[in-house]
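Participant: Compact mmCIF, C-alpha atoms, file protein_5.txt:
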# COMPACT_ATOMS: atom_id res chain seq x y z
CA MET A 1 122.79 93.77 65.88
CA ILE A 2 119.14 93.92 64.76
CA TYR A 3 118.28 97.61 64.74
CA LEU A 4 114.59 98.26 65.39
CA ASP A 5 114.77 101.82 66.71
CA TYR A 6 114.43 103.83 63.50
CA ALA A 7 111.95 106.19 65.19
CA ALA A 8 114.83 107.38 67.39
CA THR A 9 117.16 107.99 64.48
CA SER A 10 117.53 106.60 60.99
CA PRO A 11 120.99 105.61 59.72
CA ALA A 12 122.30 108.16 57.25
CA LEU A 13 121.69 107.32 53.62
CA PRO A 14 124.71 106.81 51.35
CA GLU A 15 122.95 109.12 48.87
CA MET A 16 123.04 111.88 51.48
CA PHE A 17 126.76 111.39 52.09
CA ALA A 18 127.41 111.51 48.35
CA SER A 19 125.53 114.79 48.14
CA GLN A 20 127.59 116.30 50.96
CA THR A 21 130.85 114.99 49.48
CA LEU A 22 130.08 116.54 46.11
CA PHE A 23 128.83 119.76 47.67
CA THR A 24 130.93 122.72 46.60
CA GLY A 25 129.37 125.34 48.86
CA GLY A 26 127.71 128.64 48.12
CA LYS A 27 124.25 130.11 48.22
CA THR A 28 123.24 128.71 44.85
CA GLU A 29 123.39 125.15 46.19
CA THR A 30 121.54 126.16 49.37
CA GLU A 31 118.79 127.77 47.34
CA ALA A 32 118.62 124.63 45.22
CA ALA A 33 118.27 122.50 48.38
CA ARG A 34 115.46 124.73 49.66
CA ALA A 35 113.68 124.59 46.29
CA LYS A 36 114.02 120.80 46.15
CA ILE A 37 112.57 120.38 49.64
CA THR A 38 109.67 122.63 48.71
CA ARG A 39 108.89 120.62 45.57
CA LEU A 40 108.99 117.38 47.54
CA LEU A 41 106.62 118.79 50.16
CA MET A 42 104.27 119.70 47.32
CA GLY A 43 103.86 116.04 46.43
CA GLY A 44 106.94 116.02 44.24
CA GLY A 45 105.31 118.27 41.69
CA PRO A 46 106.99 121.16 39.90
CA ALA A 47 107.26 124.55 41.54
CA GLY A 48 104.17 126.59 40.80
CA ALA A 49 101.98 123.53 40.24
CA CYS A 50 98.29 124.24 40.65
CA GLY A 51 96.48 123.21 43.81
CA THR A 52 94.22 124.34 46.59
CA LEU A 53 97.14 125.92 48.41
CA SER A 54 100.56 127.05 47.27
CA ALA A 55 104.13 126.77 48.49
CA ASP A 56 107.41 128.39 47.53
CA PRO A 57 111.01 128.03 48.71
CA GLY A 58 110.76 131.17 50.85
CA GLU A 59 108.48 129.26 53.19
CA ILE A 60 111.23 126.88 54.34
CA ILE A 61 113.21 128.00 57.40
CA PHE A 62 116.29 125.86 58.05
CA THR A 63 116.74 125.00 61.74
CA SER A 64 118.86 122.72 63.91
CA GLY A 65 116.10 120.07 63.94
CA GLY A 66 112.63 119.23 65.19
CA THR A 67 113.05 120.69 68.68
CA GLU A 68 113.99 124.14 67.42
CA SER A 69 111.29 124.03 64.77
CA ASP A 70 108.62 123.20 67.36
CA ASN A 71 109.87 125.91 69.72
CA LEU A 72 109.89 128.48 66.92
CA ALA A 73 106.33 127.62 65.92
CA VAL A 74 104.88 127.78 69.43
CA LEU A 75 106.91 130.56 71.02
CA GLY A 76 107.16 132.56 67.80
CA THR A 77 103.34 132.63 67.73
CA PHE A 78 103.17 133.67 71.38
CA PHE A 79 105.58 136.56 70.90
CA GLN A 80 103.71 137.62 67.76
CA ALA A 81 100.52 137.83 69.83
CA LYS A 82 102.39 139.79 72.49
CA LYS A 83 103.68 142.23 69.90
CA ALA A 84 100.19 142.69 68.46
CA GLY A 85 98.71 143.13 71.94
CA ARG A 86 96.29 140.25 71.43
CA PRO A 87 95.32 137.46 73.82
CA CYS A 88 96.94 134.15 72.87
CA ARG A 89 95.32 130.74 73.11
CA ILE A 90 97.25 127.56 72.37
CA LEU A 91 95.58 124.18 71.92
CA THR A 92 97.73 121.08 71.96
CA GLY A 93 97.36 117.37 72.66
CA ALA A 94 98.21 115.33 75.74
CA THR A 95 100.42 112.97 73.71
CA GLU A 96 102.58 115.63 72.06
CA HIS A 97 106.38 115.54 72.09
CA GLU A 98 108.06 117.39 74.95
CA ALA A 99 109.39 119.95 72.46
CA VAL A 100 105.82 121.17 72.02
CA LEU A 101 104.53 120.59 75.56
CA GLU A 102 107.49 122.34 77.17
CA SER A 103 107.24 125.23 74.69
CA CYS A 104 103.60 125.65 75.69
CA LYS A 105 104.59 125.73 79.36
CA ALA A 106 107.24 128.32 78.54
CA ALA A 107 104.65 130.46 76.74
CA GLU A 108 102.48 130.47 79.85
CA ALA A 109 105.49 131.31 82.02
CA TYR A 110 106.49 134.18 79.72
CA GLY A 111 102.89 135.38 79.77
CA GLY A 112 103.09 135.65 83.55
CA MET A 113 106.41 137.48 83.37
CA PHE A 114 105.25 139.99 80.77
CA GLY A 115 101.65 140.37 81.93
CA CYS A 116 100.25 138.84 78.73
CA ASP A 117 96.91 137.09 78.37
CA VAL A 118 98.00 133.59 77.29
CA LYS A 119 96.34 130.28 78.08
CA VAL A 120 97.24 126.75 77.02
CA GLN A 121 94.60 124.04 76.74
CA VAL A 122 95.76 120.43 76.54
CA LEU A 123 93.23 118.37 74.61
CA PRO A 124 92.57 114.75 75.62
CA VAL A 125 93.14 111.80 73.32
CA SER A 126 90.93 108.77 72.90
CA GLU A 127 92.10 105.33 73.95
CA ASP A 128 93.40 104.80 70.42
CA GLY A 129 95.88 107.64 70.96
CA ALA A 130 94.57 110.43 68.71
CA VAL A 131 92.87 113.81 69.20
CA ALA A 132 89.50 113.72 67.46
CA PRO A 133 88.76 116.54 64.99
CA GLU A 134 85.46 117.29 66.76
CA THR A 135 87.36 117.81 70.01
CA VAL A 136 89.37 120.50 68.26
CA ARG A 137 86.27 122.09 66.74
CA GLU A 138 84.47 122.28 70.09
CA ALA A 139 87.50 123.78 71.84
CA LEU A 140 87.96 126.41 69.14
CA ARG A 141 84.33 127.47 69.24
CA GLU A 142 84.45 127.83 73.02
CA ILE A 143 87.34 130.30 72.88
CA ARG A 144 86.58 132.05 69.60
CA ALA A 145 84.40 134.66 71.31
CA GLU A 146 87.49 135.99 73.09
CA ALA A 147 88.95 136.99 69.69
CA PRO A 148 92.49 135.85 70.52
CA LEU A 149 95.32 134.73 68.29
CA ILE A 150 94.88 130.96 68.32
CA LEU A 151 97.45 128.27 67.61
CA VAL A 152 96.59 124.58 67.39
CA SER A 153 99.66 122.33 67.58
CA LEU A 154 99.15 118.60 67.05
CA MET A 155 101.50 115.84 65.93
CA TYR A 156 101.14 114.36 62.48
CA ALA A 157 102.34 110.98 63.80
CA ASN A 158 103.11 110.07 67.39
CA ASN A 159 106.71 109.16 68.10
CA GLU A 160 105.87 106.38 70.58
CA THR A 161 102.87 104.68 69.01
CA GLY A 162 103.07 105.88 65.40
CA VAL A 163 99.36 106.80 65.57
CA LEU A 164 98.36 109.22 62.81
CA THR A 165 96.34 112.37 63.48
CA ASP A 166 93.66 113.42 61.01
CA VAL A 167 95.74 116.45 60.04
CA GLU A 168 93.74 117.22 56.92
CA GLU A 169 90.38 117.43 58.70
CA ILE A 170 91.78 119.31 61.70
CA GLY A 171 93.50 121.71 59.32
CA ARG A 172 90.18 122.43 57.58
CA ILE A 173 88.55 123.08 60.95
CA CYS A 174 91.33 125.48 61.92
CA ARG A 175 90.93 127.41 58.67
CA GLU A 176 87.18 127.66 59.23
CA GLU A 177 87.74 128.96 62.77
CA ASP A 178 90.57 131.33 61.75
CA ALA A 179 93.19 129.53 63.85
CA LEU A 180 96.81 128.80 62.98
CA PHE A 181 97.64 125.10 62.72
CA HIS A 182 101.11 123.72 63.41
CA THR A 183 101.94 120.05 63.07
CA ASP A 184 105.03 118.36 64.44
CA ALA A 185 105.69 116.10 61.45
CA VAL A 186 109.12 114.91 62.59
CA GLN A 187 108.04 111.25 62.44
CA ALA A 188 105.97 111.71 59.28
CA VAL A 189 108.18 113.55 56.77
CA GLY A 190 109.82 111.00 54.50
CA HIS A 191 107.47 108.26 55.75
CA VAL A 192 103.99 109.32 54.58
CA PRO A 193 102.91 111.14 51.40
CA LEU A 194 102.79 114.92 51.84
CA ASP A 195 101.37 117.59 49.57
CA LEU A 196 101.33 121.06 51.06
CA ARG A 197 99.37 122.34 48.09
CA LYS A 198 96.40 120.51 49.60
CA LEU A 199 97.27 119.99 53.27
CA PRO A 200 95.83 122.95 55.24
CA VAL A 201 98.63 123.56 57.74
CA SER A 202 100.16 126.89 58.70
CA MET A 203 103.43 125.40 59.96
CA LEU A 204 105.14 122.02 59.79
CA SER A 205 108.25 120.82 61.65
CA ALA A 206 110.76 118.26 60.35
CA SER A 207 114.10 116.77 61.38
CA ALA A 208 116.53 115.39 58.81
CA HIS A 209 117.95 112.47 60.79
CA LYS A 210 114.50 110.86 60.99
CA PHE A 211 114.56 110.21 57.23
CA GLY A 212 118.22 109.42 56.64
CA GLY A 213 119.62 112.94 56.52
CA PRO A 214 122.30 114.56 58.69
CA LYS A 215 121.81 115.04 62.42
CA GLY A 216 121.52 118.57 63.73
CA THR A 217 119.48 120.00 60.88
CA GLY A 218 115.81 120.30 59.99
CA PHE A 219 113.30 122.86 58.90
CA LEU A 220 110.09 124.66 59.74
CA TYR A 221 107.64 125.13 56.90
CA LEU A 222 105.95 128.51 57.41
CA ARG A 223 103.09 129.22 55.05
CA LYS A 224 103.25 132.61 53.36
CA GLY A 225 101.33 135.21 55.31
CA VAL A 226 101.82 133.55 58.71
CA ARG A 227 103.80 135.81 61.02
CA LEU A 228 106.16 134.74 63.78
CA GLN A 229 108.53 136.65 66.00
CA PRO A 230 112.14 135.41 66.06
CA LEU A 231 113.58 133.58 69.06
CA PHE A 232 117.21 134.44 68.17
CA PHE A 233 118.61 137.82 67.26
CA GLY A 234 121.40 138.95 65.00
CA THR A 235 121.97 139.67 61.34
CA VAL A 236 119.56 137.85 59.07
CA ASP A 237 120.82 137.01 55.61
CA GLY A 238 117.81 137.45 53.35
CA GLU A 239 119.10 134.87 50.92
CA ALA A 240 119.93 132.33 53.62
CA ASP A 241 116.55 132.88 55.29
CA PRO A 242 114.00 134.67 53.10
CA SER A 243 111.55 134.76 56.04
CA GLY A 244 113.90 137.01 58.01
CA ILE A 245 113.05 135.08 61.18
CA ARG A 246 116.12 132.97 61.89
CA PRO A 247 119.56 134.61 62.04
CA GLY A 248 122.75 132.56 62.02
CA THR A 249 124.84 130.67 59.53
CA ILE A 250 123.27 127.73 57.72
CA SER A 251 125.26 124.56 57.15
CA ASP A 252 125.00 124.51 53.38
CA ALA A 253 126.28 120.93 53.17
CA ASP A 254 123.69 119.75 55.69
CA ALA A 255 120.92 121.49 53.76
CA ALA A 256 122.07 119.74 50.58
CA GLY A 257 122.28 116.38 52.37
CA MET A 258 118.83 116.82 53.87
CA ALA A 259 117.31 117.61 50.48
CA LYS A 260 119.00 114.59 48.90
CA ALA A 261 117.83 112.24 51.67
CA LEU A 262 114.25 113.52 51.42
CA ALA A 263 114.32 113.12 47.65
CA TYR A 264 115.45 109.51 48.00
CA ARG A 265 112.85 108.70 50.64
CA THR A 266 110.09 110.32 48.60
CA ALA A 267 111.05 108.43 45.43
CA HIS A 268 110.93 105.08 47.26
CA LEU A 269 108.09 105.91 49.65
CA SER A 270 105.34 103.73 48.22
CA GLU A 271 107.37 100.54 47.84
CA GLU A 272 109.19 100.97 51.16
CA SER A 273 105.99 101.71 53.10
CA ALA A 274 104.42 98.54 51.75
CA ARG A 275 107.50 96.43 52.52
CA ILE A 276 108.02 97.85 56.01
CA GLY A 277 104.32 97.63 56.80
CA ARG A 278 104.31 93.95 55.85
CA LEU A 279 107.28 93.25 58.12
CA ARG A 280 105.71 95.24 60.97
CA ASP A 281 102.52 93.22 60.61
CA LEU A 282 104.51 89.98 60.74
CA LEU A 283 106.20 91.11 63.94
CA GLU A 284 102.91 92.24 65.46
CA LYS A 285 101.09 89.03 64.60
CA GLY A 286 103.97 86.90 65.81
CA ILE A 287 104.03 88.65 69.20
CA LEU A 288 100.28 88.95 69.79
CA GLU A 289 99.49 85.40 68.68
CA GLY A 290 102.70 83.73 69.86
CA ILE A 291 103.12 85.29 73.30
CA PRO A 292 100.18 85.22 75.75
CA GLY A 293 99.40 88.40 77.67
CA THR A 294 100.53 90.91 75.04
CA HIS A 295 98.71 94.06 73.91
CA ARG A 296 99.21 96.51 71.06
CA ASN A 297 99.08 100.15 72.13
CA GLY A 298 97.53 102.55 69.63
CA ARG A 299 95.16 102.10 66.75
CA SER A 300 95.93 100.38 63.48
CA LEU A 301 95.99 103.70 61.56
CA ARG A 302 99.63 104.48 62.20
CA LEU A 303 103.03 104.74 60.56
CA PRO A 304 104.00 101.54 58.72
CA GLY A 305 107.11 100.91 60.82
CA HIS A 306 105.78 101.52 64.37
CA LEU A 307 104.72 98.86 66.87
CA ASN A 308 104.18 99.58 70.57
CA ILE A 309 103.54 96.44 72.63
CA SER A 310 102.94 95.76 76.34
CA PHE A 311 103.96 92.43 77.88
CA ASP A 312 102.05 91.35 80.99
CA GLY A 313 104.27 90.53 83.94
CA VAL A 314 107.41 92.02 82.40
CA GLU A 315 109.13 95.33 83.13
CA SER A 316 110.12 97.12 79.95
CA SER A 317 113.52 98.12 81.35
CA SER A 318 114.44 94.47 82.02
CA LEU A 319 113.15 93.32 78.66
CA LEU A 320 115.02 96.04 76.78
CA PHE A 321 118.24 95.27 78.65
CA LEU A 322 118.10 91.58 77.79
CA LEU A 323 117.07 92.22 74.19
CA ASP A 324 120.06 94.52 73.84
CA MET A 325 122.33 91.83 75.30
CA LYS A 326 120.95 89.42 72.69
CA GLY A 327 121.45 91.83 69.81
CA VAL A 328 118.03 93.46 69.38
CA CYS A 329 117.84 97.24 69.66
CA ALA A 330 114.37 98.56 70.56
CA SER A 331 113.13 101.39 72.77
CA GLY A 332 110.95 102.16 75.75
CA GLY A 333 109.37 105.09 73.95
CA SER A 334 110.64 108.55 73.07
CA ALA A 335 114.36 108.63 72.34
CA CYS A 336 114.57 112.08 73.90
CA ALA A 337 113.29 110.73 77.24
CA ALA A 338 115.15 107.43 77.13
CA GLN A 339 117.58 108.36 79.90
CA SER A 340 115.03 110.03 82.18
CA ARG A 341 113.29 106.75 83.16
CA LYS A 342 109.97 108.64 83.34
CA ARG A 343 106.75 106.79 82.66
CA SER A 344 105.34 107.38 79.21
CA HIS A 345 103.05 110.40 79.25
CA VAL A 346 101.73 109.21 75.87
CA LEU A 347 100.46 105.87 77.15
CA ALA A 348 99.21 107.48 80.36
CA ALA A 349 97.19 110.01 78.32
CA MET A 350 95.64 107.08 76.45
CA GLY A 351 94.30 105.81 79.77
CA LEU A 352 96.38 102.64 79.94
CA PRO A 353 96.84 101.06 83.38
CA GLU A 354 100.21 101.31 85.10
CA ASP A 355 101.19 97.71 84.41
CA ARG A 356 100.72 98.16 80.67
CA ILE A 357 102.63 101.43 80.69
CA ASN A 358 105.55 99.91 82.62
CA SER A 359 105.72 96.87 80.36
CA ALA A 360 105.57 98.67 77.00
CA ILE A 361 108.34 98.78 74.42
CA ARG A 362 108.51 100.27 70.94
CA PHE A 363 109.78 98.49 67.86
CA SER A 364 110.31 100.78 64.86
CA LEU A 365 111.33 99.31 61.52
CA GLY A 366 113.18 100.95 58.67
CA PRO A 367 114.64 100.58 55.19
CA GLU A 368 117.31 98.06 56.24
CA THR A 369 114.97 95.76 58.19
CA THR A 370 114.75 92.28 56.66
CA ASP A 371 112.48 89.24 56.89
CA HIS A 372 115.27 87.31 58.57
CA GLU A 373 115.65 90.01 61.23
CA ILE A 374 111.94 89.91 62.01
CA ALA A 375 111.97 86.11 62.35
CA GLU A 376 115.03 86.29 64.59
CA THR A 377 113.51 89.10 66.66
CA LEU A 378 110.37 87.03 67.24
CA ARG A 379 112.44 84.09 68.44
CA ILE A 380 114.48 86.27 70.80
CA VAL A 381 111.47 88.16 72.17
CA ARG A 382 109.53 84.96 72.88
CA GLU A 383 112.55 83.44 74.60
CA THR A 384 113.30 86.53 76.66
CA VAL A 385 109.73 87.19 77.79
CA SER A 386 109.45 83.56 78.88
CA GLU A 387 112.69 83.87 80.88
CA LEU A 388 111.55 87.05 82.64
CA ARG A 389 108.16 85.61 83.51
CA MET A 390 109.75 82.48 84.95
CA LEU A 391 112.00 84.63 87.15
CA ARG A 392 108.93 86.41 88.52
CA GLY A 393 107.44 83.03 89.39
Turn the structure described in the file into structure tokens.
Facilitator:
Amino acid sequence: MIYLDYAATSPALPEMFASQTLFTGGKTETEAARAKITRLLMGGGPAGACGTLSADPGEIIFTSGGTESDNLAVLGTFFQAKKAGRPCRILTGATEHEAVLESCKAAEAYGGMFGCDVKVQVLPVSEDGAVAPETVREALREIRAEAPLILVSLMYANNETGVLTDVEEIGRICREEDALFHTDAVQAVGHVPLDLRKLPVSMLSASAHKFGGPKGTGFLYLRKGVRLQPLFFGTVDGEADPSGIRPGTISDADAAGMAKALAYRTAHLSEESARIGRLRDLLEKGILEGIPGTHRNGRSLRLPGHLNISFDGVESSSLLFLLDMKGVCASGGSACAAQSRKRSHVLAAMGLPEDRINSAIRFSLGPETTDHEIAETLRIVRETVSELRMLRG
């Protein structure tokens, strides 16, 4: 099997398993895992290193993964506005993950139930798949006069196209306009360089299994001074969660495994990004130049392992089925929506015509992808697309 669906989930790293096997339990190890994650998010520098911004281990909230982290960021902000008696405005993008979009819908629904002044504005993306910083600036200035609590939530990297958002510039704009900025960085953590000493974000979501860690665990980075209301209630262990926001027992072994996986990915990030990017480019060139009627979806500024391609005259479901039969594992888009058979809201928001949306598949490469696998994938894709087009006459 040639596995090219790393954006859905990344196989667990042996280093992570070793960390969990050697884990002895106890709060000391959990605190060490939290401190290690914090250092890695600060560009790998030592705790307390100088920079424009700061970070400390108390700003890491362990969660069950990206979905919970996104929900906590969006709904926790809404309930904080409710508690403070302030209007709440949420800006998000049309290509966001459902974990954010559905949380925004829930915030509006709760606002109606509780009689709160909350409005969600979904910002458009350009045809290259990204929200422009100026679009954010204009939207913030339009609503600033209302003096609400404002949250901007935009993906760091899109899960379907891999397109990167200009998080640094948008973060600066949010700081200038006194707005909170949350980024769903589930696809980015462990795959692009991060330094929260310099990156102006208020909150950042991550999921361990996207970078070789254990499934069912992740974290929300919450910058000191940013206030959220909890979504769960119970006894909060101040040592397990210094923020006091998330009650419940933490899987200490999973926290240790997540920290170890992130450390490994960070240490090998530069070399792996270059290697994976080269293989992705080979696959892209081989498809676009070797198969007529093919189109890349999304701009070139994207994650090194992502490639979203449409094939004229071919239905993605048929192509994926045959590729799977021939030993190539790819995806039609978001792993979370894989069974729903819904059209891609990401590609639709980019303004692509229906035929390109219905013929699009995502290849996502990872650490175990080889040159031989790319060559074999190209052969199989060319063969399969030709077969499907012949059947259509």
Participant: Measuring between all atoms listed in the file, which one of A:Arg223, A:Arg362, A:Arg278, A:Arg246 shows the shortest distance to Ser317 (chain A)?
Facilitator: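 Ranked by minimum distance to Ser317 (chain A), first place goes to A:Arg362.
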Participant: What would the list of residues within 12 Å of (106.7, 145.6, 74.9) (file frame) look like as a list in words, if only C-alpha atoms are what count?
Facilitator: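 In the file's frame, the residues around the point are Phe79, Gln80, Ala81, Lys82, Lys83, Ala84, Gly85, Gly111, Met113, Phe114, Gly115 and Cys116 of chain A.
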Participant: Counting all atoms listed in the file, what is within 8 Å of Ala255 (chain A), bar same-chain residues fewer than 3 positions away, as a list in words?
Facilitator: Thr30, Ala33, Arg34, Phe62, Thr217, Ile250, Ser251, Asp252, Met258 and Ala259 of chain A
Participant: Please dump the current selection as a CSV table (one decimal), in the coordinates of the input; keep C-alpha atoms.
Facilitator:
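For reference, selection-v1.csv as written:
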chain,number,residue,atom,x,y,z
A,30,THR,CA,121.5,126.2,49.4
A,33,ALA,CA,118.3,122.5,48.4
A,34,ARG,CA,115.5,124.7,49.7
A,62,PHE,CA,116.3,125.9,58.0
A,217,THR,CA,119.5,120.0,60.9
A,250,ILE,CA,123.3,127.7,57.7
A,251,SER,CA,125.3,124.6,57.2
A,252,ASP,CA,125.0,124.5,53.4
A,258,MET,CA,118.8,116.8,53.9
A,259,ALA,CA,117.3,117.6,50.5
Participant: Which one is closest to Ser202 (chain A): A:Val226, A:Ala145, A:Ala107, A:Ala188? Count only C-alpha atoms.
Facilitator: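 Closest to Ser202 (chain A), using only C-alpha atoms: A:Val226.
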Participant: Quick check, in Å to one decimal: how far apart do CA of Tyr3 (chain A) and CA of Ser207 (chain A) lie?
Facilitator: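 Straight-line distance from CA of Tyr3 (chain A) to CA of Ser207 (chain A) works out to 19.9 Å.
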Participant: Calculated over all atoms listed in the file, which of the candidates A:Ala32, A:Leu164, A:Leu391, A:Val189 has the smallest distance to His306 (chain A)?
Facilitator: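 Selected residue with least distance to His306 (chain A): A:Leu164.
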Participant: Can you tell me which residues surround Ala349 (chain A) at a distance of at most 8 Å, considering all atoms listed in the file, apart from same-chain residues fewer than 3 positions away, and format the answer as number ranges by chain?
Facilitator: A: 94-95, 124-125, 129, 345-346, 352
Participant: Determine, using all atoms listed in the file, which residues of region 244-352 of chain A have any atom at most 9 Å from an atom of region 130-144 of chain A, and tabulate each with its shortest atom pair and distance in Å to one decimal place, rows ordered by chain and then rising number, as JSON lines.
Facilitator:
{"residue": "A:Gly298", "atom": "CA", "partner": "A:Ala130", "partner_atom": "CA", "distance": 8.5}
{"residue": "A:Arg299", "atom": "CA", "partner": "A:Ala130", "partner_atom": "CA", "distance": 8.6}
{"residue": "A:Met350", "atom": "CA", "partner": "A:Ala130", "partner_atom": "CA", "distance": 8.5}
Participant: Quick one: residues within 9 Å of Ile291 (chain A), all atoms listed in the file, excluding same-chain residues fewer than 5 positions away - as a PyMOL selection string?
Facilitator: chain A and resi 286+311+381-382+385-386
Participant: Which residue is closest to Ser69 (chain A)? Choose from A:Leu301, A:Leu204, A:Ala157, A:Val152 and count all atoms listed in the file.
Facilitator: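 Closest to Ser69 (chain A), using all atoms listed in the file: A:Leu204.
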